[in-house]
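Here's the structure, in structure tokens; my notes come after.
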Amino acid sequence: MRSRFAGRFTRHRLATISAVVLALLALAALAAPLVESALGVDQTAVSLLDRYAPPSFEHPLGTDELGRDVLVRLLYGGRVSLFVGLAAALASAVIGTAIGLLAGYFGGRVDDALMRLTDVLIALPLLPLLIVLSAIDPTRLGVPEDWVSGEDASLGRIVVLVALFGWTTVARLVRGATLSARRRDYVRAAVALGAGSRRIMLAHILPNVAAPAVVAVTLTVGNVILLESVLSFLGLGIQPPLPSWGNMLTNAQELVSTAPMLAVWPGLLIFVTVIAVNLLGDGLQDALDPRSGSSR
Amino acid sequence: MTRFLASRLLQALFVLLLMSMLVTVLIALMPGDPVDLMLAGNPKATAADAARLKALYGLDRPLWERYANWLGAALTGDFGYSRLFAQPVPAVLLPRLGNTLLLLGASFVLAVAIALPLGVLAARRPYSLLDDAVNLFCFAGISVPPFWLALLLILLFAVTLGWLPASGMGPVGEDGWLARLPHFVLPVATLTLASVGGYTRYVRASMLVELRQDYVRTARAKGLEEGQVVWRHTLRNALIPIVTIVALEFGTLFSGALVTETMFAWPGMGKLIYDSIMGNDLNVALVALLLATATTLAGNLLADMAYAALDPRITFKDVRS
Amino acid sequence: MRHVLAVLALTAGLIVNLAAAPAFAARDTLTIGISQFPANWHPSIEPMSAKHFILDATRRPFTVYDADWKLGCLLCTALPSVEAGTAALETRADGRQGYAVTYTIHPDARWGDGTPITTKDVLFTWEVGRHPQSGFTNADLFTRDIVGVDAKDDKTFTIHRDKPLCTYAEINDFAVLPAHLEKAVFDSDPAAYRQRSRYETDTTNPGLWYGPYRITAIESGAHVVLEPNPSWWGPKPPFRRIVVKAIENTAALEANLLSGGLDLIPGEAGLPFEQALAFEKKNGAKYSVIFKPGLVFEHIDLNLDNPVLADARVRRALLLAVDRGAISRQLFENRQPVAHNQVNPLDRVYVEDFRHYPYDPKEAAKLLDEAGWGEKRGGTRVNAKGEKLSLEFMTTAGNRARELLQQVLQAQWKQAGVEVRIANEPARVFFGQTLHERRHKAMALFAWISSPENIPRTTFHSTMVPTAANNWSGQNYMNFKNPEMDRILDDLETVCEPAANKRLWTRLQQIYADELPSLPLFFRADPHILPKWIDGIVPTGHEASTMLWIETWKVKE
């Protein structure tokens, strides 16, 4: 079983390469503090005398408009972007799986209500809603003020917003898988033996629906990273001084004719990461369920 | 059929009503009202000015009252005035809707025209080098930050090469189609590159499934030419799921246009939605967002109907589950 | 397949040719790019710099500050003055004093449809302006500052001012409206006037405009076309057509200029400072980039309720610890001067004689030690109770120039042992709520945009602190209360005798510099990007745009 999976996966040349690229990117991002100390620079240190420095031994990719090391900032930005992507995708996967399981397992009214909710949510125009939600004042909703001020607040906000709206795809997939799993003999047997609903859902059905969920999560990671860059473009993404690839790219676009590399690097990293994540998701899908072709 | 349609319409109306309430509440939750913002940075403005303007724009009344007034008027076809543009909402909305549809329509046609042959080619030789190349191209289009792509296109074709205008909908004072054509190239290209990948992959996936069907084998066995098998028989069947999925994506196109419209100074709906939300222009934001939602709902309905119409095995009863 | 390729190649060729054509447009058309499209067109409803920039080519105010920051007359024949006998102190029936100021409308002034501009229009404008439902943004001029207007004849009218103001002649915001077009609209329903005004419903009507140009075409959200106004009484304007295009994304705006789609980007609504600096370096040979520092005062409002900031020594130390000179040199390349006070050195009322704060980390450290923040733990100062010297620093999110400046300041204060936490908010939250309701915990970076000789009453008077009780009115967000300052602000309006007036201005700037309720940083410079072939554009550095003098622009031979 395992080897067949591996075989199908590696047959997907692009997916394999993508997995390696992503692993390298993640490692590099994790190693940001190490690189920082190895180079002897401080990512927050502003040096007005070293603005727009060309690549050098001390600054392999040069410095930005405030004289900060571009490489180190890209690595820290990668941490933020990758974290936002993963966290938002996982959160929406958890919500989506829970809702899909409940709907598929209980059926009837529960299913009706939950799927209607999903339909409604899917019908809402996502980007405009995110714009509204990024601009509202969470303290009016009773969120403690400490959570919404501070340098990391924008990070949490994006994760929550994406999770709130991003779970619908997973929910639909999981519901479908649950429906078919329910008809299997061993599930029926478990029901007949009097096992509790929770146990059946978690122990017998969940493993069967994991595959589509994993694929959906993978694809969501890419979408979220892209979405963060668009929100940054609109001034609603991750807020400085916290670097993210999205806000670095947005900041650099104004200076694109004089310091083009400042825009090229974060743009390239977003591009490479998202395409790698997508190709990986595609490969996983093929490997986990070859019959599905590769439709999303 | 009629019952199905009726229930769907009713449901859509309900979603729209819900959406209108949601938007009203959300916009009210945005801190600071338009008057405060208008007077910010102006040391001459007084509290009396602010109070007078708030009363004038009806901002001093409770939210539910404002919403009820709006709904009552909207049901009679009166959508009120735009606070920002000092014009009736339809007068602000309709020209921009036209501009956006023009842009989206052009890129949609182009994207489908590219996706169909590309997807079919890829499906005929799955896992070949060609398939990989197509796959990479598809994902490349999906994976580029759209504003970055737009900027790169502008820099290359407008600034460096000087072949194409960088923005706008056409030369000022000229309405001829031929004169406007160059202005369409870059924005349409940006939108097309972003959407063609998705479509191509749907076509490929759908074709892969169909090419495995028995009737294809039969047709081949009967000695039909391969080209005819693929392009005439299989593609027709493969189109069913494609049409469905494309129709489902209708609504997302609307918001996707925001970035392209901003970068190319194209006065359209995406930009209007953003400006009206940020400028606290509730009347415009409400109608524009409802329009976007309605488009999605219409797309969903269209998808269901297309599904049922194209595939005789499915009746309207099955569609829902 | 080959056919398809041929068609494609043909189309591509066609497109390229079509695009190349307009690049050779003659110099009788000027294409201006701005970063914002005006939402509405009425001159007195909803202020917006992009709108005023365009309208300034189509209308002329009675009085205005010119490029030398001197008050002058555009629509009137001469600036009224006591010396010339056109202004006089008067005592009203209720015993209060004010000025009666007499203006004469330029004899040749006509609306674009040929109707002369008369005192009828002036009276109508005053009627609209003081109507509570007309929606004028700055109605104070009409409801409070002007207590009466009477017409002597068709061209001469007298304005009665509420107070004996030193600047009695200034009526810059009195934008005259065409009574022959607007009166019927206004009279039918004043509350709907802001929507039904012909400025909104019939913007291209020639009768609305009376400058060198009039608006002849509008594509909402995209561009405006201006063409010469045949009824204009002044010198012939230089271009047969001016197209103003709006391109919001400034990277795209710059690209449009470079690709030949635009000729000029004005400072009034153009490129951000940093981008313009970079632009100048790359394209300085092809374009003139003029950085005009002006009355945009970038500063940090300190919340004096904060116990840390309540101590003046800490406030002084904060300013001494930042090297504004180096920032101006390195970050702004000397294009944005350091602000030492809230009055601009170019302003007539500026004095030199107040306390300055050059970069002096030693003195800053000494002051902080004295204030009880002597001990350092992990690089951050702490007081006797062990509390960290930590301050929250806010500004408008998405304003790149401010975000950059903020990060530089944060780094410099870190070296002085002050921890600064950045917490930015979108403009609508920051201005609409946080500042407005004084919710900023410590420091708020933003700018005041004022006119020359502006008396900063709403920002420094103790009665102007916004509170829930006064319905958040006033703009003294610092909670600055100083009896002498209050007295000076009250007196400044009416003590006009030059020596006495100067003494007041001097004390005002001294008190500000001693107390530092806010930290003065820089005077913002707006970058004007002009083609080399154009001459005669003189940026003003204040709210009156260069378009008010468009008839003096010249095309170089």
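We label chains A, B, ... in the order they appear in the structure tokens, count residues from 1 in each chain, and number ligands from 1 in the order shown.
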Contacts from chain B to chain A, 6 Å maximum, only C-alpha atoms: show me the residue list as a list in words. Leu29, Met30, Pro31, Phe139, Ser143, Val144, Pro145, Tyr202, Ala205, Ser255, Thr293, Thr296 and Leu297 of chain B
Which residues of chain C are close to chain A, meaning at most 9 Å apart when you count only C-alpha atoms, and how do they look as an MDAnalysis selection string? chainID C and resid 249:252 254:255 271:272 274:276 278:279 281:282 326:327 330:331 392 397:400 403:404 407:408 411:412 421:426 428:429
Taking 6 positions as the minimum chain separation for residues in the same chain, which residues sit within 8 Å of stretch 156-165 of chain C when counting only C-alpha atoms? Answer as a PDB file with C-alpha atoms, in the first residue's frame.
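Listing of part-v2.pdb after writing:
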ATOM      1  CA  LEU C  89     -13.789  98.326  12.316  1.00  0.00           C
ATOM      2  CA  ARG C  96     -19.620  93.421  19.651  1.00  0.00           C
ATOM      3  CA  GLN C  97     -16.907  94.474  17.307  1.00  0.00           C
ATOM      4  CA  GLY C  98     -15.993  93.188  13.872  1.00  0.00           C
ATOM      5  CA  TYR C  99     -14.761  94.291  10.485  1.00  0.00           C
ATOM      6  CA  ALA C 100     -16.767  95.429   7.522  1.00  0.00           C
ATOM      7  CA  VAL C 101     -14.748  94.356   4.484  1.00  0.00           C
ATOM      8  CA  THR C 102     -15.618  95.512   0.982  1.00  0.00           C
ATOM      9  CA  TYR C 103     -14.669  93.553  -2.147  1.00  0.00           C
ATOM     10  CA  THR C 104     -15.176  94.387  -5.798  1.00  0.00           C
ATOM     11  CA  ILE C 105     -15.623  91.507  -8.217  1.00  0.00           C
ATOM     12  CA  THR C 119     -23.152  90.112  -6.094  1.00  0.00           C
ATOM     13  CA  ARG C 144     -20.123  81.982  12.462  1.00  0.00           C
ATOM     14  CA  ASP C 145     -17.311  84.020  10.929  1.00  0.00           C
ATOM     15  CA  ILE C 146     -19.491  86.049   8.584  1.00  0.00           C
ATOM     16  CA  VAL C 147     -22.456  87.711  10.240  1.00  0.00           C
ATOM     17  CA  GLY C 148     -23.759  89.546   7.207  1.00  0.00           C
ATOM     18  CA  VAL C 149     -23.238  90.252   3.529  1.00  0.00           C
ATOM     19  CA  ASP C 150     -24.682  93.211   1.680  1.00  0.00           C
ATOM     20  CA  GLU C 493      -6.969  86.557  16.653  1.00  0.00           C
ATOM     21  CA  THR C 494      -7.490  90.170  17.529  1.00  0.00           C
ATOM     22  CA  CYS C 496      -2.984  92.853  15.249  1.00  0.00           C
TER      23      CYS C 496
END
For A:Arg73: contacts at 9 Å, only C-alpha atoms, fewer than 6 positions along chain excluded, given as an mmCIF file with C-alpha atoms, in the first residue's frame:
data_model
loop_
_atom_site.group_PDB
_atom_site.id
_atom_site.type_symbol
_atom_site.label_atom_id
_atom_site.label_comp_id
_atom_site.auth_asym_id
_atom_site.auth_seq_id
_atom_site.Cartn_x
_atom_site.Cartn_y
_atom_site.Cartn_z
ATOM 1 C CA ALA A 32 16.287 32.580 10.043
ATOM 2 C CA GLN A 43 16.698 42.076 11.025
ATOM 3 C CA THR A 44 15.190 45.021 12.868
ATOM 4 C CA PRO A 243 7.708 41.278 7.688
ATOM 5 C CA SER A 244 5.721 39.048 5.386
ATOM 6 C CA MET A 248 7.525 43.268 1.463
#
Separation of atom CA of A:Val221 and atom CA of A:Leu102, in Å?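 Here the two named atoms are 24.2 Å from each other.
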Could you list, as a PyMOL selection string, every residue within 12 Å of B:Trp266, counting only C-alpha atoms and ignoring same-chain residues fewer than 2 positions away? (chain B and resi 95-104+166-170+183-184+186-188+257-264+268-272) or (chain C and resi 37+219-223+245-249+252)
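Within stretch 65-159 of chain C, the backbone-based DSSP assignment of strand (DSSP E) covers C:Tyr65, C:Leu71, C:Gly72, C:Cys73, C:Ala87, C:Ala88, C:Leu89, C:Glu90, C:Thr91, C:Gln97, C:Gly98, C:Tyr99, C:Ala100, C:Val101, C:Thr102, C:Tyr103, C:Thr104, C:Ile146, C:Val147, C:Gly148, C:Val149, C:Asp150, C:Ala151, C:Thr156, C:Phe157, C:Thr158, C:Ile159.
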Which residues come within 9 Å of stretch 58-74 of chain C, counting only C-alpha atoms, excluding same-chain residues fewer than 3 positions away, as a ChimeraX atom specification? /C:54-55,77-80,103,105-106,169-176,208-215,226,229,346-348,451-452,538-544,546-548
Any chance you can output those residues with C-alpha atoms as a PDB file, in the first residue's frame?
ATOM      1  CA  ILE C  54      -8.755  69.961 -10.873  1.00  0.00           C
ATOM      2  CA  LEU C  55     -11.276  72.627  -9.914  1.00  0.00           C
ATOM      3  CA  THR C  77      -9.939  93.704  -7.973  1.00  0.00           C
ATOM      4  CA  ALA C  78      -7.837  94.540  -4.902  1.00  0.00           C
ATOM      5  CA  LEU C  79      -7.281  93.068  -1.460  1.00  0.00           C
ATOM      6  CA  PRO C  80      -9.410  95.084   0.980  1.00  0.00           C
ATOM      7  CA  TYR C 103     -14.669  93.553  -2.147  1.00  0.00           C
ATOM      8  CA  ILE C 105     -15.623  91.507  -8.217  1.00  0.00           C
ATOM      9  CA  HIS C 106     -13.374  91.673 -11.265  1.00  0.00           C
ATOM     10  CA  ALA C 169      -9.534  90.148   4.305  1.00  0.00           C
ATOM     11  CA  GLU C 170      -9.101  86.386   3.961  1.00  0.00           C
ATOM     12  CA  ILE C 171     -12.131  84.577   2.475  1.00  0.00           C
ATOM     13  CA  ASN C 172     -10.243  81.792   0.699  1.00  0.00           C
ATOM     14  CA  ASP C 173     -12.996  79.221   1.197  1.00  0.00           C
ATOM     15  CA  PHE C 174     -15.805  81.452  -0.082  1.00  0.00           C
ATOM     16  CA  ALA C 175     -16.379  79.571  -3.357  1.00  0.00           C
ATOM     17  CA  VAL C 176     -18.920  81.596  -5.315  1.00  0.00           C
ATOM     18  CA  LEU C 208     -20.670  76.390 -13.630  1.00  0.00           C
ATOM     19  CA  TRP C 209     -17.083  77.320 -14.383  1.00  0.00           C
ATOM     20  CA  TYR C 210     -15.284  80.612 -14.681  1.00  0.00           C
ATOM     21  CA  GLY C 211     -11.550  79.876 -14.699  1.00  0.00           C
ATOM     22  CA  PRO C 212      -9.200  79.619 -17.699  1.00  0.00           C
ATOM     23  CA  TYR C 213     -10.589  76.122 -18.280  1.00  0.00           C
ATOM     24  CA  ARG C 214     -13.910  74.396 -17.977  1.00  0.00           C
ATOM     25  CA  ILE C 215     -14.789  70.728 -17.573  1.00  0.00           C
ATOM     26  CA  LEU C 226     -10.604  70.411 -19.448  1.00  0.00           C
ATOM     27  CA  ASN C 229     -13.228  78.617 -21.209  1.00  0.00           C
ATOM     28  CA  LEU C 346       8.594  79.928   5.670  1.00  0.00           C
ATOM     29  CA  ASP C 347       5.629  81.345   7.540  1.00  0.00           C
ATOM     30  CA  ARG C 348       5.696  85.074   8.240  1.00  0.00           C
ATOM     31  CA  SER C 451      -2.763  77.479   5.861  1.00  0.00           C
ATOM     32  CA  PRO C 452      -0.164  80.230   6.464  1.00  0.00           C
ATOM     33  CA  VAL C 538       5.547  77.210  -9.036  1.00  0.00           C
ATOM     34  CA  PRO C 539       4.339  74.837  -6.305  1.00  0.00           C
ATOM     35  CA  THR C 540       2.906  76.663  -3.304  1.00  0.00           C
ATOM     36  CA  GLY C 541       3.492  74.260  -0.423  1.00  0.00           C
ATOM     37  CA  HIS C 542       0.035  74.881   0.983  1.00  0.00           C
ATOM     38  CA  GLU C 543      -3.551  74.015   0.132  1.00  0.00           C
ATOM     39  CA  ALA C 544      -3.843  76.323  -2.905  1.00  0.00           C
ATOM     40  CA  THR C 546      -0.498  75.287  -8.805  1.00  0.00           C
ATOM     41  CA  MET C 547      -3.538  75.054 -11.079  1.00  0.00           C
ATOM     42  CA  LEU C 548      -4.751  78.409  -9.729  1.00  0.00           C
TER      43      LEU C 548
END
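Separating atom CA of C:Thr115 from atom CA of C:Val185 is a distance of 17.8 Å.
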Which residues are close to A:Arg175, i.e. within 9 Å by only C-alpha atoms, leaving aside same-chain residues fewer than 4 positions away? Reply as a list of chain:residue names. A:Thr97, A:Ile99, A:Gly100, A:Leu101, A:Leu102, A:Ala103, A:Gly104, A:Tyr105, A:Asp111, A:Val170, A:Ala171, A:Leu179, A:Ser180, A:Val209
How about saving the chosen residues, C-alpha atoms kept, as a PDB file, in the first residue's frame?
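Final file, result-v6.pdb:
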ATOM      1  CA  THR A  97     -13.821  18.332   8.907  1.00  0.00           C
ATOM      2  CA  ILE A  99     -18.871  20.149  10.040  1.00  0.00           C
ATOM      3  CA  GLY A 100     -18.516  17.660   7.205  1.00  0.00           C
ATOM      4  CA  LEU A 101     -18.400  14.721   9.631  1.00  0.00           C
ATOM      5  CA  LEU A 102     -21.436  15.859  11.564  1.00  0.00           C
ATOM      6  CA  ALA A 103     -23.430  16.540   8.422  1.00  0.00           C
ATOM      7  CA  GLY A 104     -22.505  13.307   6.736  1.00  0.00           C
ATOM      8  CA  TYR A 105     -22.860  11.096   9.780  1.00  0.00           C
ATOM      9  CA  ASP A 111     -27.115  17.712   7.320  1.00  0.00           C
ATOM     10  CA  VAL A 170     -13.219  20.738   3.167  1.00  0.00           C
ATOM     11  CA  ALA A 171     -16.661  20.402   4.693  1.00  0.00           C
ATOM     12  CA  LEU A 179     -21.565   9.450   3.466  1.00  0.00           C
ATOM     13  CA  SER A 180     -19.775   6.731   1.571  1.00  0.00           C
ATOM     14  CA  VAL A 209     -11.990  11.042   5.036  1.00  0.00           C
TER      15      VAL A 209
END
Measuring between only C-alpha atoms, which one of B:Ala123, B:Leu156, B:Leu164, B:Leu235 shows the shortest distance to chain C?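 Nearest candidate to chain C out of B:Ala123, B:Leu156, B:Leu164, B:Leu235: B:Leu164.
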Mind pulling up the distance from atom CA of C:Gly112 to atom CA of C:Gly207?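 One can read the atom CA of C:Gly207 to atom CA of C:Gly112 distance as 4.5 Å.
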Using only C-alpha atoms, find the residues of chain C whose closest atom to chain B is at most 6 Å away, then write them as JSON, numbers by chain. {"C": [15, 16, 19, 39, 40, 195, 221, 247, 249, 256, 258, 259, 428, 429, 431, 432, 433, 448, 473]}
Keeping only N, CA and C atoms, take the residues you just selected and write them out as a CSV table (one decimal), in the first residue's frame.
chain,number,residue,atom,x,y,z
C,15,ILE,N,-2.2,46.1,-33.1
C,15,ILE,CA,-2.3,46.7,-31.7
C,15,ILE,C,-1.1,47.6,-31.4
C,16,VAL,N,0.1,47.0,-31.8
C,16,VAL,CA,1.3,47.8,-31.5
C,16,VAL,C,1.3,49.1,-32.3
C,19,ALA,N,-1.1,51.6,-30.7
C,19,ALA,CA,-0.6,52.1,-29.4
C,19,ALA,C,0.5,53.2,-29.6
C,39,ALA,N,-14.6,62.2,-5.9
C,39,ALA,CA,-15.9,61.6,-5.8
C,39,ALA,C,-17.0,62.5,-6.3
C,40,ASN,N,-16.9,63.8,-6.0
C,40,ASN,CA,-18.0,64.7,-6.4
C,40,ASN,C,-17.3,66.0,-6.9
C,195,GLN,N,-27.0,66.6,-3.6
C,195,GLN,CA,-27.1,65.6,-4.6
C,195,GLN,C,-27.6,66.1,-5.9
C,221,GLY,N,-14.3,57.9,-12.5
C,221,GLY,CA,-13.3,57.0,-12.0
C,221,GLY,C,-12.1,56.9,-13.0
C,247,ILE,N,-5.0,57.4,-11.6
C,247,ILE,CA,-4.4,56.1,-11.5
C,247,ILE,C,-4.0,55.9,-10.1
C,249,ASN,N,-2.9,53.3,-8.1
C,249,ASN,CA,-1.7,52.6,-7.7
C,249,ASN,C,-0.5,53.4,-8.2
C,256,ASN,N,2.9,54.8,-16.1
C,256,ASN,CA,2.2,55.6,-17.1
C,256,ASN,C,3.0,56.8,-17.6
C,258,LEU,N,6.3,57.1,-17.4
C,258,LEU,CA,7.4,56.7,-18.2
C,258,LEU,C,7.1,56.1,-19.5
C,259,SER,N,5.9,55.6,-19.7
C,259,SER,CA,5.5,55.0,-21.0
C,259,SER,C,4.9,56.1,-21.9
C,428,ARG,N,-9.1,55.1,8.6
C,428,ARG,CA,-10.4,55.4,9.1
C,428,ARG,C,-10.6,55.0,10.6
C,429,VAL,N,-9.8,54.0,11.1
C,429,VAL,CA,-9.9,53.7,12.5
C,429,VAL,C,-9.1,54.7,13.3
C,431,PHE,N,-8.0,57.9,12.6
C,431,PHE,CA,-8.6,59.2,12.7
C,431,PHE,C,-10.0,59.2,13.1
C,432,GLY,N,-10.8,58.2,12.6
C,432,GLY,CA,-12.2,58.2,12.9
C,432,GLY,C,-12.5,57.8,14.4
C,433,GLN,N,-11.6,57.1,15.0
C,433,GLN,CA,-12.0,56.7,16.4
C,433,GLN,C,-10.8,56.9,17.4
C,448,TRP,N,-0.7,67.6,10.5
C,448,TRP,CA,-1.7,68.7,10.4
C,448,TRP,C,-1.4,69.4,9.1
C,473,SER,N,-15.4,66.9,20.9
C,473,SER,CA,-15.1,68.0,20.0
C,473,SER,C,-13.7,68.6,20.3
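With only C-alpha atoms as the atoms that count, the minimum distance from C:Asp108 to the choices C:Trp533, C:Phe393, C:Trp233, C:Phe124 is reached by C:Trp233.
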Mind checking DSSP for stretch 109-236 of chain B and telling me the alpha helix (DSSP H) residues as JSON, numbers by chain? {"B": [109, 110, 111, 112, 113, 114, 115, 116, 117, 118, 119, 120, 121, 122, 123, 124, 129, 130, 131, 132, 133, 134, 135, 136, 137, 138, 139, 140, 141, 142, 143, 146, 147, 148, 149, 150, 151, 152, 153, 177, 178, 179, 180, 181, 182, 183, 184, 185, 186, 187, 188, 189, 190, 191, 192, 193, 194, 195, 196, 197, 198, 199, 200, 201, 202, 203, 204, 205, 206, 207, 208, 209, 210, 211, 214, 215, 216, 217, 218, 219, 220, 221, 226, 227, 228, 235, 236]}
